[in-house]
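Step one of this worksheet: look at the structure below.
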Amino acid sequence: MPLFLLYRTVYRSLVLHGIGLSFLLLQLGVNNLPELSILVMMWLVAVPVYALIPYRIYRREEETMRESRVRYLEQVLAVRGWDVDREPDRFQQIALEIGRARSMTLHPMGLAPYRASPFLAAVLLPVVLTLAQIIFS
């Protein structure tokens, strides 16, 4: 199972926390601003911890997966013992695949573009509401 499917739960959790915090900010209003500011600060700490740090850790997986694919293709060449002079088409296909494997980019925890916008909106909404309450109070 791809890593992004497993990590989608964390993204959904962050979105639900952001929506809950936004609802709390709207309901309690300016009167409880110091307490709400503490919650928003905790939220601002939680987002990088849950989203950015694991992303940086799993970003290394791309290199590992790329290397394992190239090693596999090199083993196919070695096991089958294809002769480059007699079977250039087969060798060319493997060589092209090795080139693609070396240049591929993976996004192990990436969100599709249509999913990234709601995620960012839910993350930024509590911050924007807190700033609006501070400015307009």
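Chain lettering (A, B, ...) mirrors the order of the structure tokens, residue numbering begins at 1 for each chain separately, and ligand numbering begins at 1 in order of display.
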
Legend entry - Shell of 8 Å around range 16-22 of chain A, only C-alpha atoms, local chain residues under 5 positions omitted, as an MDAnalysis selection string: chainID A and resid 39:40 43 122:126 129

Inset, instruction - Taking the DSSP assignment computed from this structure's backbone, write out as an NGL selection string all residues of chain A that belong to alpha helix (DSSP H). - result: :A and (3-28 or 33-47 or 53-58 or 60-80 or 88-103 or 113-136)

Preceding selection exported with C-alpha atoms as an mmCIF file, in the first residue's frame:
data_model
loop_
_atom_site.group_PDB
_atom_site.id
_atom_site.type_symbol
_atom_site.label_atom_id
_atom_site.label_comp_id
_atom_site.auth_asym_id
_atom_site.auth_seq_id
_atom_site.Cartn_x
_atom_site.Cartn_y
_atom_site.Cartn_z
ATOM 1 C CA LEU A 3 2.631 5.586 1.922
ATOM 2 C CA PHE A 4 0.413 8.509 0.988
ATOM 3 C CA LEU A 5 -2.692 6.367 1.464
ATOM 4 C CA LEU A 6 -1.567 5.495 4.974
ATOM 5 C CA TYR A 7 -0.609 9.068 5.758
ATOM 6 C CA ARG A 8 -3.911 10.451 4.500
ATOM 7 C CA THR A 9 -5.351 9.770 7.966
ATOM 8 C CA VAL A 10 -2.891 12.235 9.487
ATOM 9 C CA TYR A 11 -3.867 14.868 6.940
ATOM 10 C CA ARG A 12 -7.543 14.298 7.697
ATOM 11 C CA SER A 13 -6.851 14.554 11.415
ATOM 12 C CA LEU A 14 -5.097 17.887 10.919
ATOM 13 C CA VAL A 15 -8.026 19.135 8.848
ATOM 14 C CA LEU A 16 -10.547 18.081 11.508
ATOM 15 C CA HIS A 17 -8.506 19.739 14.239
ATOM 16 C CA GLY A 18 -8.302 22.917 12.166
ATOM 17 C CA ILE A 19 -12.049 22.941 11.555
ATOM 18 C CA GLY A 20 -12.732 22.281 15.246
ATOM 19 C CA LEU A 21 -10.399 25.064 16.303
ATOM 20 C CA SER A 22 -12.001 27.422 13.777
ATOM 21 C CA PHE A 23 -15.447 26.596 15.122
ATOM 22 C CA LEU A 24 -14.200 27.199 18.671
ATOM 23 C CA LEU A 25 -12.713 30.542 17.655
ATOM 24 C CA LEU A 26 -15.970 31.628 16.067
ATOM 25 C CA GLN A 27 -18.129 30.500 18.993
ATOM 26 C CA LEU A 28 -16.061 31.899 21.877
ATOM 27 C CA LEU A 33 -8.575 35.582 23.167
ATOM 28 C CA PRO A 34 -5.602 34.703 25.448
ATOM 29 C CA GLU A 35 -6.768 31.111 25.894
ATOM 30 C CA LEU A 36 -7.595 30.774 22.223
ATOM 31 C CA SER A 37 -4.211 32.192 21.258
ATOM 32 C CA ILE A 38 -2.572 29.398 23.237
ATOM 33 C CA LEU A 39 -4.647 26.840 21.313
ATOM 34 C CA VAL A 40 -3.675 28.419 18.004
ATOM 35 C CA MET A 41 0.004 28.396 19.019
ATOM 36 C CA MET A 42 -0.290 24.694 19.858
ATOM 37 C CA TRP A 43 -1.907 24.200 16.452
ATOM 38 C CA LEU A 44 0.961 26.034 14.760
ATOM 39 C CA VAL A 45 3.413 23.684 16.485
ATOM 40 C CA ALA A 46 1.377 20.553 15.669
ATOM 41 C CA VAL A 47 1.132 21.151 11.920
ATOM 42 C CA ILE A 53 8.890 16.389 9.778
ATOM 43 C CA PRO A 54 7.562 13.025 8.504
ATOM 44 C CA TYR A 55 7.682 14.403 4.964
ATOM 45 C CA ARG A 56 11.388 15.153 5.350
ATOM 46 C CA ILE A 57 11.978 11.700 6.820
ATOM 47 C CA TYR A 58 10.066 9.824 4.119
ATOM 48 C CA ARG A 60 14.601 9.651 1.639
ATOM 49 C CA GLU A 61 12.394 6.759 0.570
ATOM 50 C CA GLU A 62 12.453 8.124 -2.964
ATOM 51 C CA GLU A 63 16.189 7.527 -3.259
ATOM 52 C CA THR A 64 15.875 4.041 -1.745
ATOM 53 C CA MET A 65 13.108 3.051 -4.147
ATOM 54 C CA ARG A 66 15.002 4.467 -7.115
ATOM 55 C CA GLU A 67 18.151 2.534 -6.219
ATOM 56 C CA SER A 68 16.264 -0.722 -5.683
ATOM 57 C CA ARG A 69 14.594 -0.424 -9.098
ATOM 58 C CA VAL A 70 17.930 0.182 -10.832
ATOM 59 C CA ARG A 71 19.508 -2.773 -8.977
ATOM 60 C CA TYR A 72 16.593 -4.998 -10.033
ATOM 61 C CA LEU A 73 16.958 -4.023 -13.689
ATOM 62 C CA GLU A 74 20.708 -4.592 -13.569
ATOM 63 C CA GLN A 75 20.068 -8.061 -12.115
ATOM 64 C CA VAL A 76 17.660 -8.810 -14.967
ATOM 65 C CA LEU A 77 20.415 -7.982 -17.418
ATOM 66 C CA ALA A 78 22.936 -10.129 -15.548
ATOM 67 C CA VAL A 79 20.656 -13.164 -15.085
ATOM 68 C CA ARG A 80 19.330 -13.285 -18.611
ATOM 69 C CA PRO A 88 19.938 -4.665 -29.122
ATOM 70 C CA ASP A 89 16.173 -4.095 -28.774
ATOM 71 C CA ARG A 90 15.948 -5.901 -25.448
ATOM 72 C CA PHE A 91 19.041 -4.164 -24.130
ATOM 73 C CA GLN A 92 17.733 -0.800 -25.295
ATOM 74 C CA GLN A 93 14.428 -1.337 -23.466
ATOM 75 C CA ILE A 94 16.220 -2.185 -20.231
ATOM 76 C CA ALA A 95 18.629 0.742 -20.683
ATOM 77 C CA LEU A 96 15.699 3.123 -21.192
ATOM 78 C CA GLU A 97 13.968 1.717 -18.111
ATOM 79 C CA ILE A 98 17.136 2.221 -16.053
ATOM 80 C CA GLY A 99 17.294 5.814 -17.287
ATOM 81 C CA ARG A 100 13.672 6.375 -16.310
ATOM 82 C CA ALA A 101 14.268 4.790 -12.903
ATOM 83 C CA ARG A 102 17.222 7.086 -12.227
ATOM 84 C CA SER A 103 15.285 10.207 -13.185
ATOM 85 C CA PRO A 113 -3.516 19.156 -6.218
ATOM 86 C CA TYR A 114 -7.271 18.998 -5.690
ATOM 87 C CA ARG A 115 -6.670 17.710 -2.139
ATOM 88 C CA ALA A 116 -3.915 20.157 -1.186
ATOM 89 C CA SER A 117 -6.117 23.265 -1.360
ATOM 90 C CA PRO A 118 -8.689 22.139 1.233
ATOM 91 C CA PHE A 119 -5.861 20.921 3.460
ATOM 92 C CA LEU A 120 -4.118 24.295 3.326
ATOM 93 C CA ALA A 121 -7.405 26.138 3.865
ATOM 94 C CA ALA A 122 -8.203 24.069 6.959
ATOM 95 C CA VAL A 123 -4.701 24.613 8.298
ATOM 96 C CA LEU A 124 -4.693 28.353 7.681
ATOM 97 C CA LEU A 125 -8.291 29.043 8.768
ATOM 98 C CA PRO A 126 -7.637 29.041 12.548
ATOM 99 C CA VAL A 127 -4.661 31.344 12.110
ATOM 100 C CA VAL A 128 -6.616 33.777 9.935
ATOM 101 C CA LEU A 129 -9.561 33.803 12.356
ATOM 102 C CA THR A 130 -7.286 34.491 15.319
ATOM 103 C CA LEU A 131 -5.555 37.326 13.493
ATOM 104 C CA ALA A 132 -8.938 38.752 12.479
ATOM 105 C CA GLN A 133 -10.141 38.666 16.081
ATOM 106 C CA ILE A 134 -6.959 40.381 17.277
ATOM 107 C CA ILE A 135 -7.129 43.050 14.596
ATOM 108 C CA PHE A 136 -10.853 43.802 14.900
#
